[in-house]
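Undergrad: Just start-v2.pdb, nothing more (PDB, C-alpha atoms):
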```pdb
ATOM      1  CA  MET A   1     -41.314  -0.727  -2.978
ATOM      2  CA  GLY A   2     -39.589  -3.994  -3.940
ATOM      3  CA  GLU A   3     -36.092  -5.192  -3.115
ATOM      4  CA  PHE A   4     -34.477  -4.123  -6.368
ATOM      5  CA  GLU A   5     -36.059  -0.682  -6.332
ATOM      6  CA  LEU A   6     -34.821  -0.312  -2.748
ATOM      7  CA  ILE A   7     -31.277  -1.175  -3.821
ATOM      8  CA  GLU A   8     -31.373   1.176  -6.794
ATOM      9  CA  ARG A   9     -32.836   4.070  -4.809
ATOM     10  CA  TYR A  10     -30.704   3.865  -1.676
ATOM     11  CA  PHE A  11     -27.532   1.884  -2.367
ATOM     12  CA  ALA A  12     -26.577   2.230  -6.032
ATOM     13  CA  ALA A  13     -24.172   5.122  -5.411
ATOM     14  CA  VAL A  14     -23.091   5.260  -1.762
ATOM     15  CA  GLY A  15     -19.680   6.474  -0.671
ATOM     16  CA  ALA A  16     -16.716   7.606  -2.706
ATOM     17  CA  GLU A  17     -16.389   7.374  -6.466
ATOM     18  CA  ARG A  18     -13.263   5.315  -7.079
ATOM     19  CA  SER A  19     -11.394   4.601 -10.295
ATOM     20  CA  ASP A  20     -10.551   1.106  -9.004
ATOM     21  CA  VAL A  21     -14.221   0.048  -9.098
ATOM     22  CA  VAL A  22     -14.898  -1.562 -12.476
ATOM     23  CA  GLN A  23     -18.383  -2.755 -11.483
ATOM     24  CA  GLY A  24     -20.095  -1.877  -8.232
ATOM     25  CA  VAL A  25     -23.682  -2.264  -7.023
ATOM     26  CA  GLY A  26     -26.080  -3.780  -9.583
ATOM     27  CA  ASP A  27     -24.454  -6.994 -10.801
ATOM     28  CA  ASP A  28     -24.011 -10.485  -9.332
ATOM     29  CA  ALA A  29     -20.662  -9.413  -7.856
ATOM     30  CA  ALA A  30     -18.337  -6.443  -7.817
ATOM     31  CA  VAL A  31     -15.326  -6.138 -10.104
ATOM     32  CA  LEU A  32     -12.425  -4.365  -8.403
ATOM     33  CA  LYS A  33      -8.909  -3.469  -9.485
ATOM     34  CA  VAL A  34      -6.377  -4.413  -6.813
ATOM     35  CA  PRO A  35      -3.051  -2.639  -7.412
ATOM     36  CA  ALA A  36      -0.236  -5.028  -8.258
ATOM     37  CA  ASP A  37       2.001  -3.522  -5.556
ATOM     38  CA  ARG A  38      -0.486  -3.996  -2.712
ATOM     39  CA  GLU A  39      -1.774  -6.803  -0.494
ATOM     40  CA  LEU A  40      -5.524  -7.087   0.130
ATOM     41  CA  ILE A  41      -6.877  -6.809   3.688
ATOM     42  CA  ALA A  42     -10.459  -7.999   4.340
ATOM     43  CA  CYS A  43     -12.656  -7.970   7.466
ATOM     44  CA  THR A  44     -16.323  -8.570   8.299
ATOM     45  CA  ASP A  45     -18.568  -7.612  11.228
ATOM     46  CA  THR A  46     -22.236  -8.234  11.970
ATOM     47  CA  LEU A  47     -24.380  -5.885  14.090
ATOM     48  CA  ILE A  48     -27.724  -7.062  15.484
ATOM     49  CA  GLU A  49     -30.385  -4.851  17.064
ATOM     50  CA  GLY A  50     -30.608  -5.383  20.801
ATOM     51  CA  ARG A  51     -27.134  -6.878  21.030
ATOM     52  CA  HIS A  52     -24.756  -4.451  19.316
ATOM     53  CA  PHE A  53     -26.952  -1.363  19.620
ATOM     54  CA  PRO A  54     -30.125  -0.609  21.610
ATOM     55  CA  VAL A  55     -33.587  -1.160  20.162
ATOM     56  CA  GLY A  56     -34.775   2.120  18.666
ATOM     57  CA  PHE A  57     -31.221   3.401  18.100
ATOM     58  CA  ALA A  58     -31.013   6.296  15.627
ATOM     59  CA  ALA A  59     -30.777   5.057  12.036
ATOM     60  CA  PHE A  60     -27.991   7.528  11.149
ATOM     61  CA  ASP A  61     -25.890   6.185  14.001
ATOM     62  CA  ILE A  62     -26.549   2.555  12.999
ATOM     63  CA  GLY A  63     -25.330   3.329   9.492
ATOM     64  CA  TRP A  64     -22.230   5.061  10.836
ATOM     65  CA  ARG A  65     -21.389   2.303  13.347
ATOM     66  CA  SER A  66     -21.897  -0.520  10.853
ATOM     67  CA  LEU A  67     -19.026   0.821   8.768
ATOM     68  CA  ALA A  68     -16.948   2.215  11.643
ATOM     69  CA  VAL A  69     -16.419  -1.142  13.352
ATOM     70  CA  ASN A  70     -14.988  -2.557  10.123
ATOM     71  CA  LEU A  71     -12.815   0.462   9.372
ATOM     72  CA  SER A  72     -11.382   0.065  12.860
ATOM     73  CA  ASP A  73     -10.284  -3.488  11.971
ATOM     74  CA  LEU A  74      -8.589  -2.140   8.847
ATOM     75  CA  ALA A  75      -6.940   0.562  10.954
ATOM     76  CA  ALA A  76      -5.551  -2.100  13.296
ATOM     77  CA  MET A  77      -3.893  -3.723  10.269
ATOM     78  CA  GLY A  78      -2.481  -0.421   9.000
ATOM     79  CA  ALA A  79      -4.628  -0.668   5.864
ATOM     80  CA  GLU A  80      -5.938   1.969   3.483
ATOM     81  CA  PRO A  81      -9.721   1.436   3.115
ATOM     82  CA  ARG A  82     -11.064   1.101  -0.417
ATOM     83  CA  TRP A  83     -14.347  -0.822  -0.701
ATOM     84  CA  ALA A  84     -17.217  -2.211   1.366
ATOM     85  CA  THR A  85     -20.191  -4.521   0.927
ATOM     86  CA  LEU A  86     -23.378  -4.443   3.004
ATOM     87  CA  ALA A  87     -25.885  -7.192   3.801
ATOM     88  CA  LEU A  88     -28.933  -5.515   5.354
ATOM     89  CA  THR A  89     -31.826  -7.381   6.977
ATOM     90  CA  LEU A  90     -34.923  -5.255   7.624
ATOM     91  CA  PRO A  91     -38.276  -6.101   9.252
ATOM     92  CA  SER A  92     -39.976  -3.825   6.683
ATOM     93  CA  ILE A  93     -39.214  -0.981   4.299
ATOM     94  CA  ASP A  94     -39.284   2.338   6.132
ATOM     95  CA  GLU A  95     -38.110   5.024   3.722
ATOM     96  CA  GLU A  96     -37.437   7.638   6.399
ATOM     97  CA  TRP A  97     -35.327   5.128   8.326
ATOM     98  CA  LEU A  98     -33.450   4.130   5.173
ATOM     99  CA  GLU A  99     -32.647   7.748   4.299
ATOM    100  CA  GLU A 100     -31.144   8.275   7.740
ATOM    101  CA  PHE A 101     -29.276   4.960   7.742
ATOM    102  CA  VAL A 102     -27.707   5.591   4.345
ATOM    103  CA  GLY A 103     -26.834   9.121   5.472
ATOM    104  CA  GLY A 104     -24.766   7.782   8.361
ATOM    105  CA  PHE A 105     -23.073   5.098   6.277
ATOM    106  CA  ARG A 106     -22.340   7.554   3.473
ATOM    107  CA  ALA A 107     -20.897  10.220   5.788
ATOM    108  CA  LEU A 108     -18.236   7.890   7.161
ATOM    109  CA  ALA A 109     -17.607   6.242   3.789
ATOM    110  CA  LEU A 110     -16.908   9.597   2.167
ATOM    111  CA  ALA A 111     -14.650  10.646   5.048
ATOM    112  CA  HIS A 112     -12.435   7.623   4.387
ATOM    113  CA  GLY A 113     -12.728   7.273   0.617
ATOM    114  CA  VAL A 114     -14.753   4.048   0.731
ATOM    115  CA  ALA A 115     -17.062   2.922  -2.078
ATOM    116  CA  LEU A 116     -20.020   0.614  -1.409
ATOM    117  CA  VAL A 117     -19.684  -2.000  -4.155
ATOM    118  CA  GLY A 118     -22.309  -4.654  -3.361
ATOM    119  CA  GLY A 119     -24.233  -6.632  -0.780
ATOM    120  CA  ASP A 120     -27.695  -8.031  -0.166
ATOM    121  CA  THR A 121     -31.074  -7.067   1.304
ATOM    122  CA  THR A 122     -33.609  -9.359   2.945
ATOM    123  CA  ARG A 123     -36.537  -9.313   5.375
ATOM    124  CA  GLY A 124     -36.140 -10.258   9.035
ATOM    125  CA  THR A 125     -34.874  -8.984  12.393
ATOM    126  CA  LEU A 126     -32.823  -5.823  11.949
ATOM    127  CA  SER A 127     -29.180  -6.773  11.406
ATOM    128  CA  LEU A 128     -26.275  -5.596   9.292
ATOM    129  CA  THR A 129     -23.181  -7.343   8.007
ATOM    130  CA  VAL A 130     -20.466  -5.195   6.475
ATOM    131  CA  GLN A 131     -17.338  -6.418   4.768
ATOM    132  CA  ALA A 132     -14.566  -3.842   4.390
ATOM    133  CA  LEU A 133     -11.610  -4.223   2.041
ATOM    134  CA  GLY A 134      -8.372  -2.287   2.047
ATOM    135  CA  THR A 135      -4.764  -2.579   0.978
ATOM    136  CA  VAL A 136      -1.240  -2.281   2.361
ATOM    137  CA  PRO A 137       2.200  -2.325   0.747
ATOM    138  CA  PRO A 138       3.516  -5.907   0.725
ATOM    139  CA  GLY A 139       4.796  -7.103   4.074
ATOM    140  CA  THR A 140       3.706  -4.029   6.041
ATOM    141  CA  ALA A 141       0.391  -5.157   7.558
ATOM    142  CA  LEU A 142       0.243  -4.729  11.319
ATOM    143  CA  ARG A 143      -0.504  -7.926  13.240
ATOM    144  CA  ARG A 144      -1.277  -9.034  16.774
ATOM    145  CA  SER A 145       1.682 -11.369  16.831
ATOM    146  CA  GLY A 146       4.795  -9.155  16.799
ATOM    147  CA  ALA A 147       5.126  -7.894  20.374
ATOM    148  CA  ALA A 148       8.340  -8.758  22.251
ATOM    149  CA  PRO A 149       9.492  -8.387  25.875
ATOM    150  CA  GLY A 150      10.600  -4.814  26.535
ATOM    151  CA  ASP A 151       8.166  -3.257  24.057
ATOM    152  CA  LEU A 152       6.118  -0.351  25.371
ATOM    153  CA  LEU A 153       2.311  -0.579  25.368
ATOM    154  CA  TYR A 154       0.225   2.298  24.030
ATOM    155  CA  VAL A 155      -3.449   3.090  23.476
ATOM    156  CA  THR A 156      -5.023   5.894  21.474
ATOM    157  CA  GLY A 157      -7.812   8.128  22.690
ATOM    158  CA  TRP A 158      -9.843   7.643  25.840
ATOM    159  CA  PRO A 159     -10.915   4.026  26.358
ATOM    160  CA  GLY A 160     -14.002   3.586  28.501
ATOM    161  CA  ASP A 161     -15.908   6.548  27.085
ATOM    162  CA  ALA A 162     -18.033   4.451  24.739
ATOM    163  CA  ALA A 163     -18.987   1.923  27.435
ATOM    164  CA  ALA A 164     -20.024   4.795  29.680
ATOM    165  CA  GLY A 165     -22.002   6.285  26.796
ATOM    166  CA  LEU A 166     -23.919   3.029  26.416
ATOM    167  CA  ALA A 167     -24.489   2.906  30.188
ATOM    168  CA  LEU A 168     -25.983   6.398  29.987
ATOM    169  CA  LEU A 169     -28.284   5.313  27.169
ATOM    170  CA  GLN A 170     -29.340   2.240  29.148
ATOM    171  CA  GLY A 171     -29.849   4.165  32.379
ATOM    172  CA  THR A 172     -27.191   2.346  34.425
ATOM    173  CA  LEU A 173     -25.117   5.532  34.678
ATOM    174  CA  GLY A 174     -26.503   8.964  35.408
ATOM    175  CA  GLY A 175     -25.428  12.327  34.123
ATOM    176  CA  SER A 176     -26.449  15.307  32.036
ATOM    177  CA  GLY A 177     -25.164  18.210  30.021
ATOM    178  CA  ALA A 178     -22.070  18.362  27.841
ATOM    179  CA  ASP A 179     -20.338  15.453  29.590
ATOM    180  CA  ARG A 180     -23.257  13.129  28.922
ATOM    181  CA  ALA A 181     -23.480  14.258  25.294
ATOM    182  CA  ALA A 182     -19.744  13.687  24.777
ATOM    183  CA  LEU A 183     -19.828  10.136  26.143
ATOM    184  CA  GLU A 184     -22.989   9.160  24.261
ATOM    185  CA  LEU A 185     -21.436  10.427  21.028
ATOM    186  CA  LYS A 186     -18.417   8.153  21.580
ATOM    187  CA  PHE A 187     -20.781   5.171  21.524
ATOM    188  CA  ARG A 188     -23.074   6.451  18.776
ATOM    189  CA  ARG A 189     -20.387   7.437  16.298
ATOM    190  CA  PRO A 190     -16.964   5.915  16.988
ATOM    191  CA  GLU A 191     -14.078   7.401  15.037
ATOM    192  CA  PRO A 192     -11.901   4.617  13.593
ATOM    193  CA  ARG A 193      -8.206   5.504  13.710
ATOM    194  CA  VAL A 194      -7.628   4.804  10.031
ATOM    195  CA  ALA A 195      -4.988   7.422   9.213
ATOM    196  CA  PHE A 196      -3.049   6.763  12.402
ATOM    197  CA  GLY A 197      -3.056   3.017  11.774
ATOM    198  CA  GLN A 198      -1.262   3.661   8.493
ATOM    199  CA  LYS A 199       1.294   5.849  10.301
ATOM    200  CA  LEU A 200       2.045   2.933  12.633
ATOM    201  CA  ARG A 201       3.338   0.755   9.792
ATOM    202  CA  GLY A 202       7.039   0.225  10.429
ATOM    203  CA  ILE A 203       6.723   1.622  13.987
ATOM    204  CA  ALA A 204       4.357  -0.671  15.902
ATOM    205  CA  SER A 205       5.475  -4.242  16.547
ATOM    206  CA  ALA A 206       1.890  -5.424  17.180
ATOM    207  CA  CYS A 207      -1.566  -3.855  17.064
ATOM    208  CA  ILE A 208      -5.222  -4.646  17.804
ATOM    209  CA  ASP A 209      -8.334  -2.500  17.975
ATOM    210  CA  VAL A 210     -10.182  -2.183  21.284
ATOM    211  CA  SER A 211     -13.662  -3.533  20.594
ATOM    212  CA  ASP A 212     -14.319  -6.009  23.432
ATOM    213  CA  GLY A 213     -12.529  -4.194  26.265
ATOM    214  CA  LEU A 214      -8.917  -3.075  26.685
ATOM    215  CA  ALA A 215      -7.912  -5.878  29.062
ATOM    216  CA  ALA A 216      -9.544  -8.593  26.959
ATOM    217  CA  ASP A 217      -8.093  -7.336  23.694
ATOM    218  CA  LEU A 218      -4.657  -6.953  25.269
ATOM    219  CA  GLY A 219      -4.947 -10.600  26.322
ATOM    220  CA  ARG A 220      -5.542 -11.569  22.688
ATOM    221  CA  LEU A 221      -2.548  -9.537  21.495
ATOM    222  CA  ALA A 222      -0.316 -11.024  24.193
ATOM    223  CA  ALA A 223      -1.462 -14.575  23.443
ATOM    224  CA  ALA A 224      -0.876 -14.118  19.706
ATOM    225  CA  SER A 225       2.631 -12.796  20.426
ATOM    226  CA  GLY A 226       3.453 -15.423  23.048
ATOM    227  CA  VAL A 227       4.251 -12.813  25.698
ATOM    228  CA  GLY A 228       2.913 -11.305  28.899
ATOM    229  CA  ALA A 229       1.868  -7.721  29.554
ATOM    230  CA  VAL A 230       1.476  -5.351  32.479
ATOM    231  CA  VAL A 231      -0.801  -2.309  32.557
ATOM    232  CA  ARG A 232      -0.236   0.454  35.102
ATOM    233  CA  ALA A 233      -3.689   1.475  36.283
ATOM    234  CA  ALA A 234      -2.486   4.976  37.160
ATOM    235  CA  GLU A 235      -1.462   5.511  33.520
ATOM    236  CA  LEU A 236      -4.838   4.633  32.008
ATOM    237  CA  PRO A 237      -6.130   7.770  30.271
ATOM    238  CA  LEU A 238      -9.492   8.939  31.630
ATOM    239  CA  SER A 239     -11.407  11.659  29.840
ATOM    240  CA  ARG A 240     -12.723  14.542  31.898
ATOM    241  CA  ALA A 241     -16.302  13.599  31.006
ATOM    242  CA  LEU A 242     -15.828   9.989  32.099
ATOM    243  CA  TYR A 243     -14.109  10.960  35.358
ATOM    244  CA  THR A 244     -16.777  13.553  36.156
ATOM    245  CA  LEU A 245     -19.794  11.292  35.635
ATOM    246  CA  ALA A 246     -18.409   7.941  36.781
ATOM    247  CA  GLY A 247     -15.820   8.771  39.438
ATOM    248  CA  GLU A 248     -12.297   7.379  39.430
ATOM    249  CA  ALA A 249     -12.938   3.743  40.372
ATOM    250  CA  ARG A 250     -15.844   3.221  38.013
ATOM    251  CA  ALA A 251     -14.100   5.164  35.255
ATOM    252  CA  ARG A 252     -11.103   2.827  35.439
ATOM    253  CA  ALA A 253     -13.451  -0.150  35.319
ATOM    254  CA  TYR A 254     -15.008   1.203  32.127
ATOM    255  CA  SER A 255     -11.539   1.914  30.728
ATOM    256  CA  LEU A 256     -10.314  -1.644  31.315
ATOM    257  CA  GLY A 257     -13.460  -3.659  30.680
ATOM    258  CA  GLY A 258     -15.761  -1.580  28.505
ATOM    259  CA  GLY A 259     -16.042  -2.340  24.804
ATOM    260  CA  ASP A 260     -16.930  -0.374  21.686
ATOM    261  CA  ASP A 261     -14.034   2.086  21.962
ATOM    262  CA  TYR A 262     -12.489   1.219  18.573
ATOM    263  CA  GLU A 263      -9.211   2.738  19.691
ATOM    264  CA  LEU A 264      -5.856   1.198  18.742
ATOM    265  CA  LEU A 265      -3.881  -0.765  21.327
ATOM    266  CA  PHE A 266      -0.320  -1.308  20.120
ATOM    267  CA  THR A 267       3.257  -2.031  21.107
ATOM    268  CA  VAL A 268       6.430  -0.197  20.141
ATOM    269  CA  PRO A 269      10.056  -1.235  20.767
ATOM    270  CA  ALA A 270      11.850   1.209  23.045
ATOM    271  CA  ALA A 271      14.000   2.276  20.092
ATOM    272  CA  GLY A 272      10.862   3.319  18.219
ATOM    273  CA  ARG A 273       9.675   5.959  20.672
ATOM    274  CA  ALA A 274      11.105   8.845  18.643
ATOM    275  CA  ALA A 275       9.424   7.610  15.459
ATOM    276  CA  LEU A 276       6.123   7.303  17.326
ATOM    277  CA  ALA A 277       6.500  10.829  18.670
ATOM    278  CA  ARG A 278       6.952  12.118  15.122
ATOM    279  CA  ALA A 279       3.871  10.191  13.963
ATOM    280  CA  THR A 280       1.701  11.531  16.774
ATOM    281  CA  ALA A 281       2.934  15.089  16.215
ATOM    282  CA  ALA A 282       1.310  15.074  12.778
ATOM    283  CA  SER A 283      -1.853  17.134  12.390
ATOM    284  CA  GLY A 284      -4.986  15.151  13.213
ATOM    285  CA  ALA A 285      -3.225  12.350  15.113
ATOM    286  CA  PRO A 286      -5.169  11.112  18.159
ATOM    287  CA  ALA A 287      -3.950  11.395  21.721
ATOM    288  CA  CYS A 288      -1.569   8.511  22.423
ATOM    289  CA  HIS A 289      -0.817   7.166  25.912
ATOM    290  CA  CYS A 290       1.843   4.759  27.202
ATOM    291  CA  ILE A 291       0.053   2.506  29.710
ATOM    292  CA  GLY A 292       2.467  -0.376  30.321
ATOM    293  CA  GLU A 293       4.916  -2.766  28.752
ATOM    294  CA  ILE A 294       5.358  -6.251  27.344
ATOM    295  CA  LEU A 295       7.002  -8.914  29.515
ATOM    296  CA  ALA A 296       8.444 -12.373  29.051
ATOM    297  CA  GLY A 297       6.027 -15.125  30.067
ATOM    298  CA  ARG A 298       2.274 -15.302  29.683
ATOM    299  CA  GLY A 299      -0.808 -13.452  30.885
ATOM    300  CA  VAL A 300      -1.932  -9.875  31.496
ATOM    301  CA  ARG A 301      -1.664  -8.012  34.801
ATOM    302  CA  VAL A 302      -3.101  -4.660  35.830
ATOM    303  CA  VAL A 303      -1.117  -3.096  38.658
ATOM    304  CA  GLY A 304      -2.607  -0.512  40.998
ATOM    305  CA  GLU A 305      -1.187   1.356  43.983
ATOM    306  CA  LYS A 306      -1.835  -1.623  46.283
ATOM    307  CA  GLY A 307      -0.972  -4.474  43.947
ATOM    308  CA  ASP A 308      -2.691  -6.342  41.152
ATOM    309  CA  LEU A 309      -6.279  -5.422  40.279
ATOM    310  CA  PRO A 310      -8.980  -7.884  39.155
ATOM    311  CA  LEU A 311      -8.858  -8.442  35.414
ATOM    312  CA  PRO A 312     -12.166  -7.849  33.594
ATOM    313  CA  LYS A 313     -13.119 -10.506  31.061
ATOM    314  CA  GLY A 314     -14.482  -8.181  28.371
ATOM    315  CA  TRP A 315     -17.201  -9.035  25.881
ATOM    316  CA  ASP A 316     -17.707 -12.570  24.595
ATOM    317  CA  HIS A 317     -20.835 -13.465  22.605
ATOM    318  CA  PHE A 318     -20.730 -17.102  23.698
ATOM    319  CA  ALA A 319     -19.537 -16.790  27.298
ATOM    320  CA  THR A 320     -21.681 -18.683  29.797
TER
END
```
Now, as a test, write the supplied structure out as structure tokens.

TA:
Amino acid sequence: MGEFELIERYFAAVGAERSDVVQGVGDDAAVLKVPADRELIACTDTLIEGRHFPVGFAAFDIGWRSLAVNLSDLAAMGAEPRWATLALTLPSIDEEWLEEFVGGFRALALAHGVALVGGDTTRGTLSLTVQALGTVPPGTALRRSGAAPGDLLYVTGWPGDAAAGLALLQGTLGGSGADRAALELKFRRPEPRVAFGQKLRGIASACIDVSDGLAADLGRLAAASGVGAVVRAAELPLSRALYTLAGEARARAYSLGGGDDYELLFTVPAAGRAALARATAASGAPACHCIGEILAGRGVRVVGEKGDLPLPKGWDHFAT
């Protein structure tokens, strides 16, 4: 099978059928109709075997994750996903692997109304680069830079679960049964908070997705906003599965420093608490936890029962 047959067989019609796609896969570039009353939001992520997912990782899960990490970026901007492109580098053509990979990508694309509209294929070490494109009403995009002193700090879901799931896969954490399966699934197939991100427009003053660790990503939000932040360790949400397999101290370490959660970390002015409560009461909204507040000054602190706790650095590809 050659490159162009591969594209035609596996990628010509992946994801949702959208009326705003004039030309999708099969030409030199896609032709897309951007509504006149919307602003375009674009993001890109690359995943490399052995760095972003373990060698031998299930192809379905690779396909799912490759799109999920980008949809999470759109969610953090409050965007409605529309289109995606995929650059796929493969060591060889394995049709069974491709069927599974496309199945994972397609499942998440259909769930969020995303059409695959182009990309590239080449031979080499397994890696994937996805660009996701979405839209927001003018002036409504969420940013990292809007937090102000007095704002409350919230996070969705159960940060730390995905890092523990990876630790289970790598053998650095032990466990079995339903708890193990639940944590591994959080790493294998993260659920980007797309719908909730859109609900946060006009409510959240700043927002970022948790991809490199809660503490590290909070540091980026605080720096962009020119503020400080304090997290109350006792308020960090710990899932039952994480607490059971890791114990309290290790669970909190995963919660603060583990990456790959793809939850939303956001700030809300005190006057916006009622609006947030209405948004989270909607069917399908994720669990939402207040874990601290924004302060004047600079830097992030995590406060425990006996004072400040060490601040994990989070993931950095080029850290020495």

Undergrad: Between atom CA of A:Ala241 and atom CA of A:Glu263, measure the distance and give it in Å to one decimal.

TA: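 According to the coordinates, atom CA of A:Ala241 and atom CA of A:Glu263 are separated by 17.2 Å.
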
Undergrad: Name the residues in contact with A:Arg9 at a cut-off of 12 Å, using all atoms listed in the file, excluding same-chain residues fewer than 3 positions from it; report them as a list in words.

TA: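 Skipping anything fewer than 3 positions along the chain leaves Met1, Gly2, Glu3, Phe4, Glu5, Leu6, Ala12, Ala13, Val14, Val25, Gly26, Glu95, Leu98, Glu99 and Val102 of chain A.
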
Undergrad: Using all atoms listed in the file, which protein or nucleic acid residues come within 12 Å of A:Gly175? Drop anything in the same chain fewer than 3 positions from it, and give the result as a VMD selection string.

TA: chain A and resid 164 to 165 167 to 172 178 to 184 241 to 247

Undergrad: Stretch 197-211 of chain A, all listed atoms, 8 Å padding on each side: what axis-aligned box centre and edge lengths in Å to one decimal come out, as AutoDock Vina command-line options?

TA:
```
--center_x -3.3 --center_y 0.2 --center_z 14.9 --size_x 36.7 --size_y 27.3 --size_z 28.8
```

Undergrad: So that I can see what lies close to A:Glu39, please list as a list in words the residues with an atom at most 7 Å from it, counting only C-alpha atoms and leaving out residues fewer than 2 positions away in the same chain.

TA: Ile41, Thr135, Val136, Pro137 and Pro138 of chain A

Undergrad: Hey, which bits of stretch 186-235 of chain A sit within 10 Å of stretch 299-309 of chain A, and for each residue what's the closest pair of atoms and how far apart in Å (one decimal), counting all atoms listed in the file, rows by chain and increasing number, as a tab-separated table?

TA:
```
residue	atom	partner	partner_atom	distance
A:Ala215	CA	A:Val300	CA	7.6
A:Ala216	CA	A:Val300	CA	9.0
A:Leu218	CA	A:Val300	CA	7.4
A:Gly219	CA	A:Val300	CA	6.0
A:Arg220	CA	A:Gly299	CA	9.7
A:Ala222	CA	A:Gly299	CA	7.1
A:Ala223	CA	A:Gly299	CA	7.6
A:Gly226	CA	A:Gly299	CA	9.1
A:Val227	CA	A:Gly299	CA	7.3
A:Gly228	CA	A:Gly299	CA	4.7
A:Ala229	CA	A:Val300	CA	4.8
A:Val230	CA	A:Arg301	CA	4.7
A:Val231	CA	A:Val302	CA	4.6
A:Arg232	CA	A:Val303	CA	5.1
A:Ala233	CA	A:Gly304	CA	5.2
A:Ala234	CA	A:Gly304	CA	6.7
A:Glu235	CA	A:Gly304	CA	9.7
```

Undergrad: Might you spell out which residues the PyMOL selection byres ((chain A and resi 64) around 7) would select in the displayed file, as a list in words?

TA: Phe60, Asp61, Ile62, Gly63, Arg65, Ser66, Leu67, Ala68, Gly104, Phe105, Leu108 and Arg189 of chain A

Undergrad: Can you list, as a ChimeraX atom specification, every protein, DNA or RNA residue that comes within 9 Å of A:Gly24 when you count all atoms listed in the file, leaving out same-chain residues fewer than 6 positions away?

TA: /A:12-13,30-32,115-118

Undergrad: What does the distance from atom CA of A:Val34 to atom CA of A:Ala107 come to in Å, to one decimal?

TA: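 Separation of atom CA of A:Val34 and atom CA of A:Ala107: 24.2 Å.
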
Undergrad: Expressed in Å to a single decimal, how great is the separation between atom CA of A:Leu311 and atom CA of A:Leu185?

TA: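 So the answer is 26.9 Å.
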
Undergrad: I'd like to know which of A:Val21, A:Glu100, A:Ala206, A:Gly174 is closest to A:Ala58, using all atoms listed in the file.

TA: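 Closest to A:Ala58 of all the choices is A:Glu100.
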
Undergrad: Identify the residues within 8 Å of coordinate (-4.1, -2.6, 21.5) (same frame as the file), considering all atoms listed in the file, and give the answer as a PyMOL selection string.

TA: chain A and resi 153-155+206-210+214+217-218+221+263-267

Undergrad: Within 9 Å of A:Ser255, counting only C-alpha atoms, which residues qualify if same-chain residues fewer than 3 places away don't, as a list of chain:residue names?

TA: A:Trp158, A:Pro159, A:Gly160, A:Asp161, A:Ala163, A:Gly213, A:Leu214, A:Ala215, A:Leu236, A:Pro237, A:Leu238, A:Arg250, A:Ala251, A:Arg252, A:Gly258, A:Gly259

Undergrad: Would you please work out which residue, of A:Arg188, A:Arg144, A:His289, A:Lys33, is nearest to A:Ala162 when using all atoms listed in the file?

TA: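 Counting all atoms listed in the file, the residue closest to A:Ala162 is A:Arg188.
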
Undergrad: Would you list the residues near (-24.4, -11.3, -6.3), meaning any protein, DNA or RNA residue with an atom at most 8 Å from that point in file coordinates, counting all atoms listed in the file, as a PDB file with C-alpha atoms, in the frame of the given file?

TA:
```pdb
ATOM      1  CA  ASP A  27     -24.454  -6.994 -10.801  1.00  0.00           C
ATOM      2  CA  ASP A  28     -24.011 -10.485  -9.332  1.00  0.00           C
ATOM      3  CA  ALA A  29     -20.662  -9.413  -7.856  1.00  0.00           C
ATOM      4  CA  ALA A  30     -18.337  -6.443  -7.817  1.00  0.00           C
ATOM      5  CA  GLY A 118     -22.309  -4.654  -3.361  1.00  0.00           C
ATOM      6  CA  GLY A 119     -24.233  -6.632  -0.780  1.00  0.00           C
ATOM      7  CA  ASP A 120     -27.695  -8.031  -0.166  1.00  0.00           C
TER       8      ASP A 120
END
```

Undergrad: Mind completing stretch 141-149 of chain A with N, CA and C atoms? Output as a PDB file, in the frame of the given file, please?

TA:
```pdb
ATOM      1  N   ALA A 141       1.601  -5.068   6.736  1.00  0.00           N
ATOM      2  CA  ALA A 141       0.391  -5.157   7.558  1.00  0.00           C
ATOM      3  C   ALA A 141       0.745  -5.326   9.023  1.00  0.00           C
ATOM      4  N   LEU A 142       0.086  -4.557   9.884  1.00  0.00           N
ATOM      5  CA  LEU A 142       0.243  -4.729  11.319  1.00  0.00           C
ATOM      6  C   LEU A 142      -0.466  -6.012  11.747  1.00  0.00           C
ATOM      7  N   ARG A 143       0.084  -6.680  12.735  1.00  0.00           N
ATOM      8  CA  ARG A 143      -0.504  -7.926  13.240  1.00  0.00           C
ATOM      9  C   ARG A 143      -0.520  -7.915  14.761  1.00  0.00           C
ATOM     10  N   ARG A 144      -1.257  -8.880  15.326  1.00  0.00           N
ATOM     11  CA  ARG A 144      -1.277  -9.034  16.774  1.00  0.00           C
ATOM     12  C   ARG A 144      -0.038  -9.761  17.292  1.00  0.00           C
ATOM     13  N   SER A 145       0.706 -10.362  16.421  1.00  0.00           N
ATOM     14  CA  SER A 145       1.682 -11.369  16.831  1.00  0.00           C
ATOM     15  C   SER A 145       3.136 -10.901  16.890  1.00  0.00           C
ATOM     16  N   GLY A 146       3.401  -9.595  16.868  1.00  0.00           N
ATOM     17  CA  GLY A 146       4.795  -9.155  16.799  1.00  0.00           C
ATOM     18  C   GLY A 146       5.381  -8.576  18.066  1.00  0.00           C
ATOM     19  N   ALA A 147       4.621  -8.520  19.150  1.00  0.00           N
ATOM     20  CA  ALA A 147       5.126  -7.894  20.374  1.00  0.00           C
ATOM     21  C   ALA A 147       6.239  -8.739  20.999  1.00  0.00           C
ATOM     22  N   ALA A 148       7.201  -8.078  21.624  1.00  0.00           N
ATOM     23  CA  ALA A 148       8.340  -8.758  22.251  1.00  0.00           C
ATOM     24  C   ALA A 148       8.594  -8.151  23.625  1.00  0.00           C
ATOM     25  N   PRO A 149       9.171  -8.927  24.548  1.00  0.00           N
ATOM     26  CA  PRO A 149       9.492  -8.387  25.875  1.00  0.00           C
ATOM     27  C   PRO A 149      10.307  -7.099  25.773  1.00  0.00           C
TER      28      PRO A 149
END
```
